[in-house]
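Structure file input-v9.txt (compact mmCIF, C-alpha atoms) follows.
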```
# COMPACT_ATOMS: atom_id res chain seq x y z
CA MET A 1 0.00 0.00 0.00
CA ASP A 2 1.34 3.45 -0.83
CA ARG A 3 2.39 5.70 1.99
CA VAL A 4 -0.56 7.87 3.17
CA ASP A 5 -0.07 11.33 4.69
CA THR A 6 -1.24 12.19 8.20
CA GLU A 7 -4.26 14.27 7.22
CA THR A 8 -5.57 11.46 5.03
CA LEU A 9 -5.13 8.94 7.86
CA ILE A 10 -7.04 11.21 10.27
CA ALA A 11 -9.86 11.50 7.75
CA MET A 12 -9.96 7.71 7.22
CA VAL A 13 -10.07 7.03 11.00
CA SER A 14 -12.81 9.61 11.51
CA SER A 15 -14.95 8.01 8.79
CA LEU A 16 -14.68 4.57 10.45
CA LEU A 17 -15.67 5.69 13.98
CA THR A 18 -18.99 4.62 15.51
CA VAL A 19 -18.69 6.92 18.52
CA PRO A 20 -18.97 10.72 18.58
CA GLN A 21 -16.12 12.42 16.82
CA PRO A 22 -13.23 12.94 19.35
CA GLY A 23 -10.61 15.64 19.19
CA GLN A 24 -7.93 15.53 16.51
CA ASP A 25 -5.21 14.93 19.12
CA VAL A 26 -7.02 11.76 20.31
CA VAL A 27 -7.23 10.46 16.73
CA LEU A 28 -3.58 11.24 16.11
CA ASP A 29 -2.50 9.44 19.30
CA ALA A 30 -4.50 6.38 18.26
CA ILE A 31 -2.90 6.35 14.80
CA ILE A 32 0.57 6.48 16.35
CA GLN A 33 -0.18 3.68 18.82
CA CYS A 34 -1.54 1.54 15.96
CA ASN A 35 1.46 2.17 13.69
CA GLY A 36 -0.58 3.98 11.05
CA ASN A 37 -3.36 1.35 10.72
CA ALA A 38 -6.53 3.39 10.20
CA LYS A 39 -8.90 0.51 10.91
CA ALA A 40 -7.11 -0.53 14.11
CA ALA A 41 -7.00 3.11 15.25
CA ALA A 42 -10.77 3.49 14.74
CA GLU A 43 -11.44 0.29 16.71
CA PHE A 44 -9.10 1.50 19.48
CA ILE A 45 -10.98 4.78 19.82
CA ASP A 46 -14.34 2.96 19.79
CA ALA A 47 -13.06 0.65 22.54
CA ILE A 48 -11.83 3.36 24.90
CA HIS A 49 -15.12 5.29 24.59
CA THR A 50 -17.30 2.25 25.30
CA THR A 51 -15.25 0.66 28.14
CA PRO A 52 -16.16 2.08 31.64
CA SER A 53 -12.54 2.14 32.84
CA ALA A 54 -11.18 3.51 29.60
CA ILE A 55 -9.24 6.72 29.21
CA ARG A 56 -11.40 9.78 28.73
CA LYS A 57 -10.86 12.54 26.29
CA ARG A 58 -7.67 14.46 26.99
CA LYS A 59 -8.24 17.85 28.52
CA ALA A 60 -6.47 20.71 26.84
CA PRO A 61 -3.67 21.99 29.05
CA SER A 62 -4.34 25.34 30.71
CA SER A 63 -1.86 28.17 30.50
CA ASP A 64 -3.15 29.67 33.75
CA LEU A 65 -0.44 30.31 36.37
CA SER A 66 -2.50 28.54 39.03
CA ASN A 67 -2.21 25.30 36.99
CA TRP A 68 1.57 25.42 37.51
CA LEU A 69 1.40 26.32 41.18
CA THR A 70 -1.24 23.72 42.11
CA PRO A 71 0.27 20.56 43.65
CA SER A 72 0.19 17.54 41.33
CA ALA A 73 -1.74 15.50 43.90
CA SER A 74 -4.65 17.95 43.76
CA ARG A 75 -4.97 17.95 39.94
CA PRO A 76 -7.91 16.10 38.40
CA SER A 77 -7.17 12.75 36.86
CA GLY A 78 -8.06 14.03 33.40
CA SER A 79 -5.40 16.76 33.40
CA LYS A 80 -2.67 14.29 32.44
CA PRO A 81 -3.00 11.74 29.65
CA MET A 82 -3.02 8.13 30.84
CA SER A 83 -1.85 5.09 28.98
CA SER A 84 -4.35 2.30 28.38
CA SER A 85 -3.96 -0.97 30.23
CA LYS A 86 -4.79 -2.82 27.02
CA LYS A 87 -3.04 -2.39 23.69
CA PRO A 88 -4.91 -3.37 20.48
CA HIS A 89 -3.27 -5.53 17.84
CA HIS A 90 -3.53 -4.79 14.15
CA ASP A 91 -6.27 -7.40 13.80
CA GLY A 92 -8.48 -5.54 16.32
CA THR A 93 -7.96 -7.85 19.31
CA THR A 94 -6.56 -6.61 22.59
CA SER A 95 -3.98 -8.02 24.94
CA ALA A 96 -3.29 -7.33 28.61
CA ARG A 97 -0.56 -4.72 29.33
CA PRO A 98 1.16 -4.62 32.71
CA THR A 99 0.96 -1.39 34.66
CA ALA A 100 4.07 0.73 35.17
CA GLN A 101 4.01 0.46 39.00
CA SER A 102 4.14 -2.85 40.84
CA SER A 103 2.30 -3.51 44.07
CA GLY A 104 5.53 -3.45 46.05
CA ALA A 105 6.70 -0.01 44.85
CA SER A 106 7.21 2.70 47.43
CA PRO A 107 4.61 5.49 47.56
CA SER A 108 5.47 8.81 45.88
CA LYS A 109 6.63 11.82 47.91
CA PRO A 110 3.90 14.12 49.18
CA ALA A 111 3.25 17.10 46.94
CA VAL A 112 4.61 20.47 48.05
CA ASP A 113 2.55 23.62 47.60
CA LEU A 114 4.83 26.02 45.74
CA MET A 115 2.91 29.00 47.11
CA SER A 116 4.02 28.09 50.61
CA VAL A 117 7.63 28.01 49.37
CA LEU A 118 7.47 31.26 47.40
CA ARG A 119 5.53 33.19 50.01
CA GLN A 120 7.64 35.69 51.94
CA ALA A 121 8.40 34.55 55.45
CA PRO A 122 6.76 36.62 58.19
CA PRO A 123 9.12 39.06 59.94
CA SER A 124 10.65 37.76 63.12
CA LYS A 125 9.84 41.02 64.92
CA PRO A 126 7.65 44.02 64.14
CA SER A 127 9.37 46.54 61.87
CA ILE A 128 10.14 49.97 63.27
CA PRO A 129 8.93 52.79 61.00
CA ARG A 130 11.66 55.00 59.58
CA LEU A 131 10.70 58.66 59.93
CA PRO A 132 11.65 61.10 57.13
CA PRO A 133 13.81 64.15 57.90
CA LEU A 134 11.87 67.03 59.44
CA THR A 135 12.62 70.63 58.48
CA LEU A 136 12.34 73.07 61.39
CA SER A 137 11.69 76.29 59.53
CA ASN A 138 10.96 78.65 62.42
CA PRO A 139 12.05 79.18 66.06
CA ALA A 140 8.84 77.64 67.46
CA MET A 141 9.42 74.34 65.64
CA VAL A 142 13.07 74.29 66.73
CA ALA A 143 12.15 74.71 70.40
CA GLN A 144 9.44 72.05 70.09
CA HIS A 145 11.56 69.24 68.65
CA ILE A 146 15.18 69.67 69.78
CA PRO A 147 17.08 71.04 72.84
CA CYS A 148 17.99 74.20 71.00
CA THR A 149 16.62 77.71 70.45
CA LEU A 150 16.81 79.77 67.25
CA HIS A 151 16.89 83.57 67.23
CA LEU A 152 16.59 85.61 64.03
CA SER A 153 18.01 89.09 63.27
CA ILE A 154 19.87 89.15 66.55
CA LEU A 155 22.36 91.87 65.57
CA PRO A 156 21.64 95.28 64.07
CA ALA A 157 21.70 94.95 60.29
CA GLU A 158 24.75 97.20 59.82
CA LEU A 159 26.75 95.40 62.53
CA ALA A 160 25.90 91.97 61.08
CA CYS A 161 26.99 93.07 57.60
CA ASN A 162 30.26 94.65 58.79
CA LEU A 163 31.12 91.65 60.96
CA PHE A 164 30.46 89.29 58.03
CA HIS A 165 32.89 91.15 55.74
CA THR A 166 35.47 91.34 58.53
CA MET A 167 35.37 87.59 59.09
CA VAL A 168 35.53 86.88 55.33
CA ASP A 169 38.68 88.99 55.07
CA LEU A 170 40.25 87.26 58.07
CA SER A 171 39.36 83.80 56.73
CA GLN A 172 41.82 84.16 53.86
CA SER A 173 44.63 83.26 56.27
CA TRP A 174 42.76 80.50 58.08
CA LYS A 175 43.91 76.88 57.76
CA ARG A 176 42.21 73.56 57.18
CA ASN A 177 42.55 71.13 60.05
CA LYS A 178 44.36 67.85 59.43
CA TRP A 179 44.32 64.68 61.49
CA TRP A 180 45.02 60.97 61.25
CA LEU A 181 42.16 58.64 60.43
CA PHE A 182 42.72 54.92 59.78
CA ASP A 183 46.44 55.29 59.05
CA ARG A 184 46.05 58.22 56.68
CA VAL A 185 45.96 61.99 56.97
CA VAL A 186 42.60 63.61 56.23
CA GLU A 187 41.76 67.28 55.83
CA SER A 188 38.67 69.21 56.92
CA PRO A 189 36.48 70.49 54.07
CA HIS A 190 36.49 74.07 55.38
CA ARG A 191 38.84 76.69 56.76
CA THR A 192 38.78 77.36 60.46
CA SER A 193 40.33 79.54 63.17
CA PHE A 194 40.07 80.12 66.89
CA PHE A 195 39.69 83.33 68.88
CA VAL A 196 39.90 84.10 72.58
CA ARG A 197 38.21 87.00 74.31
CA LYS A 198 40.44 89.40 76.19
CA THR A 199 38.56 90.73 79.18
CA SER A 200 39.58 92.82 82.15
CA CYS A 201 40.00 89.74 84.29
CA ALA A 202 42.11 87.91 81.71
CA ASP A 203 44.57 90.51 80.47
CA ASP A 204 47.41 89.12 82.54
CA ASP A 205 46.09 85.57 83.01
CA GLU A 206 47.87 83.18 80.60
CA SER A 207 45.65 80.27 81.65
CA TRP A 208 42.95 81.65 79.32
CA GLN A 209 45.35 81.28 76.41
CA GLU A 210 46.35 77.80 77.52
CA VAL A 211 42.76 76.55 77.84
CA ALA A 212 41.75 78.07 74.54
CA GLN A 213 44.67 76.50 72.73
CA TYR A 214 43.44 72.92 73.15
CA TRP A 215 40.26 72.99 71.18
CA TYR A 216 40.38 70.55 68.25
CA ASN A 217 40.45 66.80 68.93
CA GLY A 218 42.55 67.49 72.03
CA ARG A 219 45.41 68.51 69.74
CA PRO A 220 47.36 71.65 70.57
CA THR A 221 46.96 74.41 68.01
CA ASN A 222 48.64 77.74 67.41
CA PRO A 223 48.01 80.48 70.00
CA PRO A 224 44.57 81.97 69.27
CA GLU A 225 43.92 85.55 68.19
CA ASN A 226 41.90 87.97 70.28
CA PHE A 227 38.31 88.83 69.42
CA PRO A 228 38.09 91.48 66.67
CA HIS A 229 36.46 94.73 67.73
CA LEU A 230 33.21 93.97 65.86
CA MET A 231 33.04 90.50 67.44
CA GLU A 232 33.33 92.10 70.89
CA GLU A 233 30.42 94.38 70.00
CA ALA A 234 28.34 91.43 68.72
CA CYS A 235 28.93 89.54 71.99
CA GLN A 236 26.82 92.04 73.90
CA TYR A 237 23.74 91.17 71.84
CA VAL A 238 24.38 87.42 71.82
CA GLU A 239 25.03 87.25 75.58
CA LYS A 240 21.82 89.14 76.33
CA VAL A 241 19.67 86.65 74.38
CA VAL A 242 21.47 83.58 75.75
CA ASN A 243 21.19 84.72 79.38
CA GLU A 244 17.47 85.40 78.92
CA GLU A 245 17.01 81.83 77.68
CA MET A 246 19.08 80.39 80.54
CA ARG A 247 16.91 82.11 83.14
CA LYS A 248 13.89 80.16 81.83
CA ARG A 249 15.22 76.80 83.04
CA GLU A 250 16.92 75.22 86.02
CA ARG A 251 20.66 74.81 85.91
CA LEU A 252 22.07 71.30 85.62
CA PRO A 253 24.05 69.93 88.62
CA LEU A 254 27.48 70.12 86.95
CA GLU A 255 26.74 73.16 84.80
CA TRP A 256 28.66 76.35 85.44
CA ALA A 257 26.37 78.69 87.38
CA GLY A 258 27.93 81.92 86.15
CA GLN A 259 28.66 85.14 88.00
CA GLY A 260 26.73 88.27 88.84
CA THR A 261 23.96 89.36 91.14
CA ASP A 262 21.54 86.75 89.82
CA GLY A 263 24.17 84.02 89.48
CA GLN A 264 23.12 83.17 85.94
CA LEU A 265 25.17 85.43 83.68
CA TRP A 266 27.01 83.81 80.82
CA HIS A 267 29.92 85.40 78.97
CA ALA A 268 31.46 84.16 75.76
CA ASN A 269 35.19 83.62 76.27
CA VAL A 270 36.28 81.65 73.18
CA ALA A 271 35.04 81.41 69.60
CA ALA A 272 35.66 78.73 66.97
CA SER A 273 35.09 80.27 63.53
CA ASN A 274 34.44 78.22 60.38
CA CYS A 275 34.29 79.50 56.82
CA TYR A 276 32.23 77.47 54.32
CA GLU A 277 32.99 78.82 50.87
CA GLY A 278 30.61 77.39 48.27
CA THR A 279 28.22 74.47 48.33
CA GLN A 280 31.03 71.90 48.16
CA GLU A 281 32.34 72.84 51.60
CA SER A 282 30.36 71.25 54.39
CA VAL A 283 30.68 68.88 57.34
CA GLY A 284 28.96 65.51 57.61
CA LEU A 285 27.26 64.09 60.67
CA HIS A 286 29.66 63.86 63.60
CA SER A 287 29.73 64.00 67.38
CA ASP A 288 32.12 66.52 68.94
CA GLN A 289 33.91 65.62 72.16
CA LEU A 290 33.78 68.85 74.17
CA THR A 291 34.89 67.55 77.56
CA TYR A 292 37.85 69.95 77.56
CA LEU A 293 35.29 72.80 77.79
CA GLY A 294 33.86 71.38 80.98
CA PRO A 295 30.56 69.57 81.73
CA TYR A 296 27.49 71.02 80.01
CA PRO A 297 29.19 73.94 78.25
CA THR A 298 26.95 76.74 77.04
CA ILE A 299 27.31 77.16 73.27
CA ALA A 300 25.84 79.86 71.05
CA SER A 301 26.44 79.80 67.28
CA LEU A 302 26.16 82.94 65.13
CA SER A 303 25.57 82.43 61.38
CA LEU A 304 26.50 85.13 58.87
CA GLY A 305 26.18 85.07 55.10
CA THR A 306 24.26 82.71 52.83
CA THR A 307 21.60 80.51 54.39
CA ARG A 308 22.94 77.01 55.11
CA VAL A 309 21.16 73.96 56.52
CA PHE A 310 22.23 72.72 59.93
CA ARG A 311 21.37 69.02 60.46
CA LEU A 312 20.94 67.28 63.79
CA ARG A 313 20.35 63.57 64.21
CA GLU A 314 19.12 62.34 67.55
CA VAL A 315 20.93 59.61 69.45
CA ILE A 316 18.54 56.86 70.55
CA PRO A 317 19.11 55.53 74.10
CA SER A 318 19.91 51.84 74.26
CA ASP A 319 16.61 51.16 76.04
CA ASP A 320 14.61 52.63 73.13
CA ILE A 321 16.48 51.10 70.17
CA SER A 322 13.88 48.34 69.76
CA THR A 323 10.95 50.79 69.66
CA ARG A 324 12.00 53.75 67.52
CA ARG A 325 14.57 54.96 65.00
CA ALA A 326 16.70 58.07 65.02
CA ARG A 327 15.29 61.06 63.17
CA THR A 328 17.13 63.82 61.35
CA PHE A 329 16.14 67.47 61.81
CA ASN A 330 17.05 70.13 59.24
CA ILE A 331 17.36 73.73 60.46
CA PRO A 332 17.85 76.46 57.82
CA LEU A 333 20.16 79.10 59.30
CA PRO A 334 19.71 82.49 57.63
CA HIS A 335 22.08 85.44 57.85
CA ASN A 336 22.28 87.09 61.29
CA SER A 337 20.77 84.22 63.26
CA VAL A 338 21.87 82.56 66.50
CA ARG A 339 21.16 79.04 67.70
CA HIS A 340 21.65 78.32 71.38
CA PHE A 341 22.17 74.76 72.55
CA ILE A 342 20.36 74.26 75.84
CA ARG A 343 22.13 71.07 76.95
```
Would you mind writing the file out in structure tokens?
Amino acid sequence: MDRVDTETLIAMVSSLLTVPQPGQDVVLDAIIQCNGNAKAAAEFIDAIHTTPSAIRKRKAPSSDLSNWLTPSASRPSGSKPMSSSKKPHHDGTTSARPTAQSSGASPSKPAVDLMSVLRQAPPSKPSIPRLPPLTLSNPAMVAQHIPCTLHLSILPAELACNLFHTMVDLSQSWKRNKWWLFDRVVESPHRTSFFVRKTSCADDDESWQEVAQYWYNGRPTNPPENFPHLMEEACQYVEKVVNEEMRKRERLPLEWAGQGTDGQLWHANVAASNCYEGTQESVGLHSDQLTYLGPYPTIASLSLGTTRVFRLREVIPSDDISTRRARTFNIPLPHNSVRHFIR
């Protein structure tokens, strides 16, 4: 007999069937199992549709993702084609075919639900929310959130302008600090200098010069210069505001109590001056060790020139680390403003 193409064989098998027309894939499987014998394939299909335990029509595979994630044990029996336990001969008779699994075979492993494997494990402890940086744009917000006060336009406008230009001129001779860090020398990103105030009680007292000399990382520096005349004039305004703020609270046990009739007067005696020229010059987060200034030193910082942002990040006590995260506070410092650190 001449070789017949597949489409012709399918047509021949379909014309010989006595059962309802099955799918083309069922007919093609029967032709393959019967080695291309159209008559035997038709009888095979008739047999599997009339035998109670026969294989049912193959179900088209689903492309749904859930079909892949569903355990194999939970799939219906019709989702996977089964082989018949009887194989027809070319003459139409059938013979018994042993099953693939013997009675003594070990049971298959239990199916694993892939969703339980892919699902993210629950956190071992509740996550602590991370708070975004908070900008403190006015003195009221500064006093509310951090131990600091902000005072605007503290100096007369003309004095603030003249002092700014004086300090800019002096900064041309200032140096950049250098120190060792992890076996290499690093340099500060800004120029800096140190000044000491010469008062009536300190004109002949060299201890003021000695104390003021040790101001950066405990490293001795060059003898400091005296306050310029305009800085002396600015101190009167700064000291007045700082002393008014200090009277509003109780003094700390180891804090210097000051001198005067009310016992609370504070006088500025030294000044560390930094010049930040351009946006590239700044200082990252750090923690200054100011023990050489004594316990709880009173610090007031005067800002002159372009507005720069001063950032503070709180230090979380060890008892609160498991309940909250540190937050960063941004304080814009405009020209002629003073921030006073309370403690």
Using all atoms listed in the file, what table do you get, as a Markdown table, when you list each residue of segment 109-210 of chain A with an atom no more than 8 Å from segment 322-328 of chain A, its nearest pair of atoms, and their distance in Å rounded to one decimal, rows by chain then rising number?
```
| residue | atom | partner | partner_atom | distance |
| --- | --- | --- | --- | --- |
| A:Ile128 | CA | A:Arg324 | CA | 6.0 |
| A:Pro129 | CA | A:Arg325 | CA | 7.2 |
| A:Arg130 | CA | A:Arg325 | CA | 6.2 |
| A:Leu131 | CA | A:Arg327 | CA | 6.1 |
| A:Pro132 | CA | A:Arg327 | CA | 7.1 |
| A:Pro133 | CA | A:Thr328 | CA | 4.8 |
| A:Leu134 | CA | A:Thr328 | CA | 6.5 |
```
Quiz item: Which of these, A:Lys248, A:Lys39, A:Lys178, A:Lys109, has the shortest distance to Thr149 of chain A once you count all atoms listed in the file?
Solution: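 Checking each of A:Lys248, A:Lys39, A:Lys178, A:Lys109 against Thr149 of chain A, counting all atoms listed in the file, the winner is A:Lys248.
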Quiz item: If you measure from atom CA of Thr279 of chain A to atom CA of His151 of chain A, what distance in Å do you get, rounded to one decimal?
Solution: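 A separation of 23.8 Å between them.
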Residues at most 12 Å from Val168 of chain A, counting only C-alpha atoms, excluding those fewer than 3 positions away in the same chain, as a short mmCIF file (atom, residue, chain, number, x, y, z; two decimals) with C-alpha atoms, keeping the file's coordinate frame?
```cif
data_model
loop_
_atom_site.label_atom_id
_atom_site.label_comp_id
_atom_site.auth_asym_id
_atom_site.auth_seq_id
_atom_site.Cartn_x
_atom_site.Cartn_y
_atom_site.Cartn_z
CA CYS A 161 26.99 93.07 57.60
CA ASN A 162 30.26 94.65 58.79
CA LEU A 163 31.12 91.65 60.96
CA PHE A 164 30.46 89.29 58.03
CA HIS A 165 32.89 91.15 55.74
CA SER A 171 39.36 83.80 56.73
CA GLN A 172 41.82 84.16 53.86
CA SER A 173 44.63 83.26 56.27
CA TRP A 174 42.76 80.50 58.08
CA ARG A 191 38.84 76.69 56.76
CA THR A 192 38.78 77.36 60.46
CA SER A 193 40.33 79.54 63.17
CA SER A 273 35.09 80.27 63.53
CA ASN A 274 34.44 78.22 60.38
CA CYS A 275 34.29 79.50 56.82
CA TYR A 276 32.23 77.47 54.32
CA GLU A 277 32.99 78.82 50.87
CA LEU A 304 26.50 85.13 58.87
CA GLY A 305 26.18 85.07 55.10
#
```
Self-check item: Best match for closeness to Leu152 of chain A among A:Asn37, A:Val241, A:Leu17, A:Leu230, counting only C-alpha atoms
Solution: A:Val241
Quiz prompt | Nearest residue to Val27 of chain A from the set A:Ala157, A:Ile146, A:Ile45, A:Asn243 (distances using all atoms listed in the file) | solution =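 Closest to Val27 of chain A of all the choices is A:Ile45.
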To box segment 159-177 of chain A, take all atoms listed in the file, fit an axis-aligned box, add 3 Å on each side, and give centre and edge lengths in Å to one decimal, as lines of an AutoDock Vina configuration file.
```
center_x = 35.3
center_y = 83.3
center_z = 58.2
size_x = 24.7
size_y = 30.3
size_z = 14.7
```
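Interatomic distance, atom CA of Ile48 of chain A to atom CA of Gln24 of chain A: 15.3 Å.
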Exercise. Quote the spacing between atom CA of Asn269 of chain A and atom CA of Pro139 of chain A in Å to one decimal place.
Key: 25.7 Å
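The residue set within 7 Å of Val196 of chain A, counting all atoms listed in the file and dropping same-chain residues fewer than 2 places from it, reads Phe194, Lys198, Ala212, Pro224, Glu225, Asn226, Phe227, Asn269, Val270 and Ala271 of chain A.
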Exercise. Within 12 Å of Val13 of chain A, counting only C-alpha atoms, which residues show up once you throw out same-chain ones fewer than 6 positions away? Write them as a count of residues only, please.
Key: 26
Practice problem: For segment 334-343 of chain A, please output as an MDAnalysis selection string all residues within 8 Å (counting all atoms listed in the file; exclusion window: fewer than 2 positions along the same chain). | Solution: chainID A and resid 147:155 157 160 238 242 246 296:308 332
Exercise. Quick one: everything within 10 Å of Val309 of chain A, counting only C-alpha atoms, minus sequence neighbours fewer than 4 positions away in the same chain. Send it as an MDAnalysis selection string.
Key: chainID A and resid 135 282 329:334
